[in-house]
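Colleague: Structure file model-v7.txt (compact mmCIF, C-alpha atoms) is given on the next line.
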# COMPACT_ATOMS: atom_id res chain seq x y z
CA MET J 1 15.47 66.42 50.62
CA PRO J 2 17.10 69.65 51.81
CA ASP J 3 20.30 71.03 50.30
CA GLU J 4 22.43 70.05 53.26
CA PRO J 5 24.38 66.83 52.84
CA TYR J 6 22.76 65.04 55.72
CA ASN J 7 19.77 66.19 57.61
CA PRO J 8 18.18 63.30 59.39
CA SER J 9 17.06 64.70 62.74
CA PRO J 10 13.83 62.77 62.82
CA ILE J 11 12.44 62.80 66.32
CA GLY J 12 13.87 59.85 68.18
CA ASN J 13 16.76 59.22 65.75
CA PRO J 14 18.72 56.69 67.79
CA SER J 15 22.13 57.47 66.22
CA VAL J 16 24.83 58.70 68.60
CA LEU J 17 24.95 62.07 66.82
CA ALA J 18 21.60 63.29 65.53
CA ARG J 19 21.44 67.08 65.31
CA ARG J 20 20.14 67.45 68.79
CA ASN J 21 21.96 70.78 69.20
CA TRP J 22 24.17 73.19 67.27
CA LEU J 23 27.39 71.23 67.80
CA GLN J 24 25.85 67.92 66.85
CA THR J 25 24.36 69.49 63.74
CA LYS J 26 27.79 70.72 62.63
CA LEU J 27 29.35 67.33 63.37
CA VAL J 28 26.64 65.43 61.52
CA ILE J 29 27.05 67.61 58.44
CA PHE J 30 30.84 67.31 58.58
CA ILE J 31 30.77 63.53 58.95
CA GLY J 32 28.12 63.21 56.27
CA LYS J 33 30.38 65.11 53.88
CA HIS J 34 33.57 63.21 54.65
CA THR J 35 32.46 59.61 54.93
CA PRO J 36 30.82 57.44 52.24
CA LYS J 37 27.10 57.88 51.75
CA CYS J 38 24.91 55.06 53.09
CA ARG J 39 24.22 53.65 49.61
CA GLU J 40 27.97 53.27 49.13
CA MET J 41 28.56 52.19 52.70
CA VAL J 42 26.27 49.15 52.38
CA ARG J 43 28.26 48.01 49.33
CA ILE J 44 31.48 48.41 51.28
CA LEU J 45 30.01 46.51 54.23
CA SER J 46 29.00 43.65 51.98
CA GLN J 47 32.49 43.57 50.47
CA SER J 48 34.00 43.50 53.95
CA MET J 49 32.27 40.18 54.53
CA ASP J 50 34.49 38.67 51.85
CA GLU J 51 37.77 40.56 52.15
CA PRO J 52 39.44 42.66 54.84
CA MET J 53 38.51 46.33 54.90
CA PRO J 54 41.46 48.77 54.64
CA LEU J 55 42.32 50.57 57.88
CA MET J 56 41.30 54.02 56.61
CA MET J 57 37.92 52.68 55.54
CA ARG J 58 37.45 50.99 58.90
CA ILE J 59 38.00 54.36 60.57
CA LYS J 60 35.57 56.08 58.20
CA LYS J 61 33.03 53.37 58.84
CA ARG J 62 33.28 53.84 62.60
CA ILE J 63 32.85 57.59 62.24
CA HIS J 64 29.96 57.14 59.83
CA PHE J 65 28.23 54.86 62.33
CA LEU J 66 28.16 57.77 64.79
CA ILE J 67 25.64 59.53 62.60
CA CYS J 68 23.94 56.50 61.11
CA CYS J 69 22.57 53.71 63.27
CA TRP J 70 20.98 52.22 60.14
CA CYS J 71 24.32 51.37 58.52
CA GLN J 72 25.50 50.00 61.84
CA ARG J 73 22.40 47.79 62.02
CA TYR J 74 22.97 46.76 58.42
CA GLU J 75 26.45 45.53 59.27
CA GLU J 76 25.19 43.67 62.33
CA GLN J 77 22.49 42.06 60.21
CA LEU J 78 24.96 40.97 57.54
CA ARG J 79 26.90 39.22 60.29
CA TYR J 80 23.66 37.75 61.60
CA ILE J 81 22.87 36.35 58.16
CA HIS J 82 26.42 35.08 57.79
CA GLU J 83 26.29 33.33 61.14
CA THR J 84 22.90 31.71 60.59
CA ALA J 85 23.64 30.80 56.95
CA ARG J 86 26.68 28.85 58.12
CA GLN J 87 24.44 26.84 60.43
CA PHE J 88 21.76 26.30 57.80
CA PRO J 89 23.03 22.94 56.44
CA GLU J 90 22.82 21.33 59.87
CA HIS J 91 19.24 22.53 60.25
CA ALA J 92 18.11 21.64 56.74
CA ASP J 93 15.84 18.92 58.13
CA GLU J 94 13.92 21.62 60.02
CA ALA J 95 13.79 23.94 57.00
CA SER J 96 12.32 21.48 54.57
CA SER J 97 9.86 18.61 54.58
CA ALA J 98 11.21 16.82 51.51
CA ILE J 99 11.06 13.04 51.94
CA PHE J 100 14.23 11.02 51.86
CA HIS J 101 12.73 7.73 50.69
CA SER J 102 13.43 4.60 52.67
CA ASP J 103 14.38 2.63 49.54
CA THR J 104 17.03 5.26 48.80
CA LYS J 105 18.31 4.87 52.36
CA GLU J 106 18.50 1.11 51.90
CA ARG J 107 20.30 1.49 48.58
CA ILE J 108 22.87 3.76 50.19
CA LYS J 109 23.29 1.38 53.11
CA ARG J 110 23.94 -1.49 50.70
CA LYS J 111 26.59 0.63 48.97
CA LEU J 112 28.19 1.39 52.31
CA VAL J 113 28.26 -2.30 53.18
CA GLU J 114 29.97 -3.04 49.86
CA GLN J 115 32.46 -0.26 50.47
CA ALA J 116 33.27 -1.39 54.02
CA GLY J 117 33.59 -4.97 52.85
CA MET A 1 35.05 16.06 73.72
CA ASN A 2 31.63 15.59 72.23
CA PHE A 3 31.14 12.29 70.45
CA ARG A 4 27.41 12.57 70.45
CA ALA A 5 25.32 14.27 67.81
CA ARG A 6 21.57 14.57 68.09
CA GLY A 7 21.12 11.41 70.03
CA CYS A 8 23.41 9.46 67.74
CA ASN A 9 26.53 7.80 69.03
CA VAL A 10 28.81 6.11 66.54
CA TYR A 11 30.47 4.22 69.31
CA GLU A 12 27.31 2.48 70.45
CA GLY A 13 27.63 -1.25 70.18
CA ILE A 14 31.35 -1.32 70.80
CA SER A 15 31.76 -3.95 73.44
CA ASP A 16 35.33 -3.15 74.47
CA VAL A 17 34.85 -0.37 77.00
CA SER A 18 38.60 0.25 77.28
CA ILE A 19 38.72 2.06 73.94
CA TRP A 20 36.79 4.98 75.45
CA LYS A 21 39.97 5.88 77.26
CA HIS A 22 41.76 6.55 73.98
CA LYS A 23 41.59 9.47 71.60
CA PRO A 24 39.28 9.00 68.60
CA ALA A 25 42.18 8.34 66.22
CA ASP A 26 43.32 5.49 68.45
CA GLU A 27 39.81 4.17 68.72
CA LEU A 28 39.50 3.98 64.99
CA ARG A 29 42.43 1.68 64.68
CA ILE A 30 40.76 -0.64 67.14
CA MET A 31 37.36 -0.45 65.47
CA THR A 32 36.55 -3.31 63.19
CA LYS A 33 35.13 -2.97 59.71
CA SER A 34 31.78 -4.20 60.92
CA THR A 35 31.68 -1.48 63.57
CA ILE A 36 32.38 1.21 60.99
CA GLN A 37 29.79 -0.40 58.78
CA SER A 38 27.11 -0.36 61.46
CA ALA A 39 28.04 3.20 62.40
CA ALA A 40 27.76 4.22 58.75
CA GLU A 41 24.35 2.63 58.49
CA ARG A 42 23.25 4.58 61.55
CA TRP A 43 24.48 7.79 59.93
CA VAL A 44 22.06 7.19 57.08
CA ASP A 45 19.18 6.92 59.55
CA ASP A 46 20.23 9.82 61.75
CA HIS A 47 21.60 12.32 59.27
CA GLY A 48 20.39 11.14 55.85
CA GLU A 49 17.23 13.21 55.97
CA CYS A 50 19.10 16.40 56.91
CA LEU A 51 21.80 15.93 54.27
CA TYR A 52 19.25 15.08 51.60
CA ARG A 53 17.11 18.13 52.33
CA PHE A 54 20.12 20.43 52.30
CA ALA A 55 21.36 18.92 49.04
CA LEU A 56 17.90 19.24 47.51
CA ILE A 57 17.63 22.90 48.48
CA ARG A 58 20.98 23.48 46.80
CA VAL A 59 20.74 21.43 43.60
CA ARG A 60 16.93 21.25 43.27
CA LYS A 61 17.03 17.82 41.58
CA PRO A 62 16.04 14.87 43.80
CA GLU A 63 18.12 12.32 41.89
CA VAL A 64 21.22 14.55 42.03
CA ALA A 65 20.63 15.23 45.74
CA GLU A 66 20.38 11.49 46.42
CA ASP A 67 23.62 10.83 44.54
CA LEU A 68 25.39 13.59 46.45
CA VAL A 69 24.21 12.17 49.77
CA GLN A 70 25.39 8.72 48.76
CA GLU A 71 28.78 10.09 47.72
CA THR A 72 28.98 11.91 51.02
CA PHE A 73 28.44 8.77 53.05
CA LEU A 74 30.89 6.79 50.92
CA ALA A 75 33.50 9.50 51.36
CA ALA A 76 32.77 9.54 55.10
CA VAL A 77 33.43 5.82 55.38
CA ARG A 78 36.66 6.19 53.40
CA GLY A 79 37.82 9.16 55.43
CA TYR A 80 36.56 8.11 58.82
CA GLU A 81 40.06 8.02 60.22
CA LYS A 82 40.37 11.75 59.59
CA PHE A 83 37.36 12.50 61.77
CA SER A 84 38.87 13.90 64.94
CA GLY A 85 35.65 14.09 66.94
CA ARG A 86 36.15 17.80 67.60
CA SER A 87 32.94 18.66 65.78
CA SER A 88 29.68 16.73 65.78
CA GLU A 89 29.14 13.99 63.23
CA ARG A 90 26.49 16.05 61.52
CA THR A 91 28.83 19.01 61.14
CA TRP A 92 31.49 16.72 59.74
CA LEU A 93 29.09 15.06 57.28
CA CYS A 94 27.68 18.46 56.23
CA GLY A 95 31.25 19.59 55.56
CA ILE A 96 31.79 16.65 53.21
CA LEU A 97 28.47 17.27 51.50
CA LYS A 98 29.34 20.95 50.95
CA HIS A 99 32.48 19.89 49.09
CA LYS A 100 30.46 17.47 46.99
CA ILE A 101 27.99 20.23 46.12
CA VAL A 102 30.77 22.62 45.14
CA ASP A 103 32.28 19.86 42.96
CA TYR A 104 28.89 19.41 41.35
CA PHE A 105 28.67 23.12 40.52
CA ARG A 106 32.24 23.07 39.29
CA LYS A 107 31.31 20.39 36.77
CA LEU A 108 28.28 22.36 35.61
CA ARG A 109 30.30 25.50 34.87
CA ARG A 110 27.44 27.69 33.71
CA GLU A 111 27.42 31.16 32.31
CA PRO A 112 25.80 33.73 34.57
CA SER A 113 22.54 35.11 33.34
CA PHE A 114 22.33 38.85 33.14
CA THR A 115 18.65 38.70 34.00
CA ASP A 116 19.64 37.55 37.48
CA LEU A 117 21.23 40.91 38.09
CA GLU A 118 18.32 42.72 36.50
CA PHE A 119 16.07 41.00 39.00
CA PHE A 120 17.69 43.07 41.71
CA SER A 121 17.92 46.30 39.74
CA ASP A 122 15.39 47.96 42.00
CA GLU A 123 16.78 46.49 45.19
CA CYS A 124 17.48 49.97 46.50
CA LEU A 125 14.17 51.42 45.37
CA GLY A 126 12.89 53.71 48.09
CA LYS A 127 15.54 52.57 50.53
CA PHE A 128 17.77 55.56 49.99
CA VAL A 129 17.03 59.22 49.44
CA SER A 130 18.42 60.85 46.32
CA ILE A 131 21.66 61.97 47.92
CA GLY A 132 22.47 58.44 49.05
CA PHE A 133 21.53 58.29 52.72
CA TRP A 134 19.02 55.86 54.18
CA ASN A 135 15.39 56.77 54.02
CA HIS A 136 14.87 56.44 57.74
CA GLU A 137 11.35 55.11 57.39
CA LYS A 138 12.64 52.19 55.35
CA GLY A 139 16.07 51.66 56.88
CA PRO A 140 17.02 48.45 58.69
CA LYS A 141 15.04 47.84 61.86
CA GLU A 142 16.41 46.27 64.98
CA TRP A 143 16.54 42.49 64.85
CA LYS A 144 15.59 40.42 67.82
CA PRO A 145 16.03 37.73 69.00
CA GLU A 146 19.76 36.99 68.86
CA PRO A 147 21.10 34.37 66.41
CA ASP A 148 21.72 31.81 69.17
CA GLU A 149 18.04 31.92 70.00
CA VAL A 150 16.61 31.68 66.49
CA MET A 151 18.80 28.71 65.65
CA HIS A 152 16.57 26.58 67.82
CA ARG A 153 13.41 27.58 66.02
CA ALA A 154 12.34 25.56 63.02
CA GLU A 155 10.23 28.46 61.68
CA PHE A 156 13.36 30.55 61.25
CA TRP A 157 15.00 27.93 59.04
CA GLN A 158 11.78 27.56 57.05
CA THR A 159 11.68 31.33 56.54
CA MET A 160 15.28 31.35 55.45
CA ARG A 161 14.62 28.54 52.99
CA ASP A 162 11.59 30.40 51.62
CA CYS A 163 13.64 33.58 51.25
CA LEU A 164 16.41 31.67 49.49
CA SER A 165 13.91 30.02 47.17
CA LYS A 166 12.66 33.43 46.04
CA LEU A 167 16.11 34.32 44.72
CA PRO A 168 17.05 33.62 41.11
CA GLN A 169 18.87 30.31 40.90
CA LYS A 170 22.33 31.52 39.96
CA VAL A 171 22.37 34.35 42.45
CA ARG A 172 21.30 31.91 45.12
CA ASP A 173 24.12 29.57 44.13
CA VAL A 174 26.60 32.42 44.53
CA PHE A 175 25.26 33.25 47.98
CA THR A 176 25.09 29.68 49.27
CA MET A 177 28.58 28.89 48.02
CA ARG A 178 30.00 31.93 49.71
CA GLU A 179 28.02 31.95 52.95
CA MET A 180 27.12 28.31 53.55
CA ASP A 181 29.99 26.47 51.92
CA ASP A 182 32.59 29.13 52.76
CA VAL A 183 34.12 28.90 49.28
CA PRO A 184 36.64 31.72 48.66
CA SER A 185 35.47 34.43 46.26
CA LYS A 186 38.15 33.64 43.67
CA GLU A 187 37.12 30.02 43.55
CA ILE A 188 33.45 30.96 43.07
CA CYS A 189 34.46 33.21 40.16
CA ALA A 190 36.32 30.28 38.61
CA ILE A 191 33.53 27.77 39.22
CA LEU A 192 30.75 29.99 37.86
CA SER A 193 32.86 31.81 35.26
CA ILE A 194 32.07 35.28 36.53
CA SER A 195 34.27 38.30 37.09
CA ASP A 196 35.32 39.47 40.52
CA SER A 197 33.33 42.69 40.26
CA ASN A 198 30.28 40.79 39.06
CA LEU A 199 30.52 38.53 42.08
CA ARG A 200 30.76 41.50 44.43
CA VAL A 201 27.65 43.08 42.93
CA MET A 202 25.74 39.80 43.09
CA LEU A 203 26.68 39.17 46.71
CA HIS A 204 25.79 42.72 47.70
CA ARG A 205 22.40 42.53 46.06
CA VAL A 206 21.58 39.07 47.29
CA ARG A 207 22.50 40.01 50.86
CA MET A 208 20.33 43.08 50.64
CA ALA A 209 17.41 41.08 49.24
CA LEU A 210 17.77 38.32 51.82
CA ARG A 211 18.06 40.82 54.67
CA GLU A 212 14.88 42.50 53.49
CA CYS A 213 13.04 39.20 53.13
CA LEU A 214 14.05 37.99 56.61
CA GLU A 215 13.07 41.30 58.14
CA MET A 216 9.65 41.25 56.54
CA ASN A 217 8.86 37.58 56.99
CA TRP A 218 10.55 36.75 60.26
CA PHE A 219 11.61 39.67 62.40
CA GLU A 220 8.46 41.72 61.87
CA THR A 221 6.10 38.78 62.23
CA ILE A 222 7.05 35.35 63.57
CA GLY A 223 10.23 36.39 65.34
CA LYS A 224 8.31 38.77 67.56
CA SER A 225 5.96 36.13 68.87
Can you give me the file's structure in the form of structure tokens?

Modeller:
Amino acid sequence: MPDEPYNPSPIGNPSVLARRNWLQTKLVIFIGKHTPKCREMVRILSQSMDEPMPLMMRIKKRIHFLICCWCQRYEEQLRYIHETARQFPEHADEASSAIFHSDTKERIKRKLVEQAG
Amino acid sequence: MNFRARGCNVYEGISDVSIWKHKPADELRIMTKSTIQSAAERWVDDHGECLYRFALIRVRKPEVAEDLVQETFLAAVRGYEKFSGRSSERTWLCGILKHKIVDYFRKLRREPSFTDLEFFSDECLGKFVSIGFWNHEKGPKEWKPEPDEVMHRAEFWQTMRDCLSKLPQKVRDVFTMREMDDVPSKEICAILSISDSNLRVMLHRVRMALRECLEMNWFETIGKS
């Protein structure tokens, strides 16, 4: 990796800022220096799923996303996982083929009858 | 208001049509014990399989899963008056089951195994370049389709189950408690006797591993089709 703090510029980098010209290059380097590195950012993003992110960090995150579409995707995907994981219990019958035996069902029904009675 | 859930209607068989004009709480007062009983029996047929499979994925022991499902239905009968009808029956029953599962883990109170964290020690291997930015070749790819769409596809849930089953047991418990059961972090720390920082590391690593697994096994293969 070069000495500069952040030198992505791969052809077709879809980030908003991607060293496409002199100004963008300066901005990318500046933002790369003054916001958390991606390795740290993904930890922070995970933490933000469990507790609110401080305002200053939210601002840094937004600025970081300008130069890094990958961290932005990572955050979106954490939310994706969160959203689908919450729905998982209600779809457990589609996820698994384990058999819920009919005698167990009957036993539970008998218990329920006793309880209601 | 949606009283129906997956073709199941608790109010089937109620002969007095006038009760449909009332709110659910009012209806319950009118409902007889036998009606609740028949509704409860129908729950077992309609939702038993789903609850059992979810419980089994979580606790991995069939006999424990069966007991948890039974406790769930018993609790549902006892607390039927609290069911407002705002959510579907299945959502309501799953909510009760989640509490039962958390109670089960609370009783177990195990020590976390350090090897679980070691399992993920190379979770970042190759993902980041030495100075800490993403290796763009291996960074997250775009995910399509949208969550609303995948939720109707059984293969997605199977992939998620497979990905969860690849995780070490205790790490998986941490993740499912936090993301599926919505248990607050502090409570998970207390239940599993782990420190706050340990929990954060575990959640971070498990999310990264699960994201990777879903990307490889769903979004790059089945999800595209």

Colleague: Which value, in Å to one decimal, gives the distance between CA of Ser102 (chain J) and CA of His152 (chain A)?

Modeller: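 The value is 26.9 Å.
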
Colleague: Report, in Å to a single decimal, how far apart CA of Glu66 (chain A) and CA of Tyr80 (chain A) are.

Modeller: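 Rounded to one decimal, the two atoms are 20.7 Å apart.
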
Colleague: In Å, with one decimal, what is the gap from CA of Lys105 (chain J) to CA of Ala75 (chain A)?

Modeller: 15.9 Å

Colleague: Would you please work out which residue, of A:Gly139, A:Gly85, A:Gly79, A:Gly48, is nearest to Ile36 (chain A) when using all atoms listed in the file?

Modeller: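 Between A:Gly139, A:Gly85, A:Gly79, A:Gly48, the residue approaching Ile36 (chain A) most closely is A:Gly79.
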
Colleague: Counting all atoms listed in the file, which residues from chain J have an atom at most 7 Å from any atom of chain A, and could you show them as a short mmCIF file (atom, residue, chain, number, x, y, z; two decimals) with C-alpha atoms, in the coordinates of the input?

Modeller:
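Full text of result32.cif as output:
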data_model
loop_
_atom_site.label_atom_id
_atom_site.label_comp_id
_atom_site.auth_asym_id
_atom_site.auth_seq_id
_atom_site.Cartn_x
_atom_site.Cartn_y
_atom_site.Cartn_z
CA LYS J 37 27.10 57.88 51.75
CA CYS J 38 24.91 55.06 53.09
CA ARG J 39 24.22 53.65 49.61
CA ARG J 43 28.26 48.01 49.33
CA SER J 46 29.00 43.65 51.98
CA GLN J 47 32.49 43.57 50.47
CA TRP J 70 20.98 52.22 60.14
CA ARG J 73 22.40 47.79 62.02
CA TYR J 74 22.97 46.76 58.42
CA TYR J 80 23.66 37.75 61.60
CA HIS J 82 26.42 35.08 57.79
CA THR J 84 22.90 31.71 60.59
CA ALA J 85 23.64 30.80 56.95
CA ARG J 86 26.68 28.85 58.12
CA PRO J 89 23.03 22.94 56.44
CA GLU J 90 22.82 21.33 59.87
CA HIS J 91 19.24 22.53 60.25
CA ALA J 92 18.11 21.64 56.74
CA ASP J 93 15.84 18.92 58.13
CA GLU J 94 13.92 21.62 60.02
CA ALA J 95 13.79 23.94 57.00
CA SER J 96 12.32 21.48 54.57
CA ALA J 98 11.21 16.82 51.51
CA PHE J 100 14.23 11.02 51.86
CA LYS J 105 18.31 4.87 52.36
CA ILE J 108 22.87 3.76 50.19
CA LYS J 109 23.29 1.38 53.11
CA LEU J 112 28.19 1.39 52.31
CA VAL J 113 28.26 -2.30 53.18
CA ALA J 116 33.27 -1.39 54.02
#

Colleague: Quick one: residues within 9 Å of region 51-68 of chain J, all atoms listed in the file counted, chain neighbours fewer than 3 positions away excluded, as a ChimeraX atom specification?

Modeller: /J:8,13-18,27-28,31-32,34-38,41,44-45,47-48,71-73 /A:133-134,185

Colleague: Next, the residues of the selection above should be written as a compact mmCIF listing (two decimals), in the frame of the given file with C-alpha atoms.

Modeller:
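Result written to result-v8.txt:
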# COMPACT_ATOMS: atom_id res chain seq x y z
CA PRO J 8 18.18 63.30 59.39
CA ASN J 13 16.76 59.22 65.75
CA PRO J 14 18.72 56.69 67.79
CA SER J 15 22.13 57.47 66.22
CA VAL J 16 24.83 58.70 68.60
CA LEU J 17 24.95 62.07 66.82
CA ALA J 18 21.60 63.29 65.53
CA LEU J 27 29.35 67.33 63.37
CA VAL J 28 26.64 65.43 61.52
CA ILE J 31 30.77 63.53 58.95
CA GLY J 32 28.12 63.21 56.27
CA HIS J 34 33.57 63.21 54.65
CA THR J 35 32.46 59.61 54.93
CA PRO J 36 30.82 57.44 52.24
CA LYS J 37 27.10 57.88 51.75
CA CYS J 38 24.91 55.06 53.09
CA MET J 41 28.56 52.19 52.70
CA ILE J 44 31.48 48.41 51.28
CA LEU J 45 30.01 46.51 54.23
CA GLN J 47 32.49 43.57 50.47
CA SER J 48 34.00 43.50 53.95
CA CYS J 71 24.32 51.37 58.52
CA GLN J 72 25.50 50.00 61.84
CA ARG J 73 22.40 47.79 62.02
CA PHE A 133 21.53 58.29 52.72
CA TRP A 134 19.02 55.86 54.18
CA SER A 185 35.47 34.43 46.26

Colleague: With 5 Å on each side, where is the centre of the axis-aligned box around all listed atoms of region 97-111 of chain J, and how long are its edges in Å to one decimal, as lines of an AutoDock Vina configuration file?

Modeller:
center_x = 18.2
center_y = 8.6
center_z = 51.6
size_x = 26.7
size_y = 30.1
size_z = 16.0

Colleague: From the list J:Met49, J:Leu23, J:Ile29, J:Val42, which residue is nearest Glu83 (chain J) when using all atoms listed in the file?

Modeller: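 Under the stated criterion, the closest residue is J:Met49.
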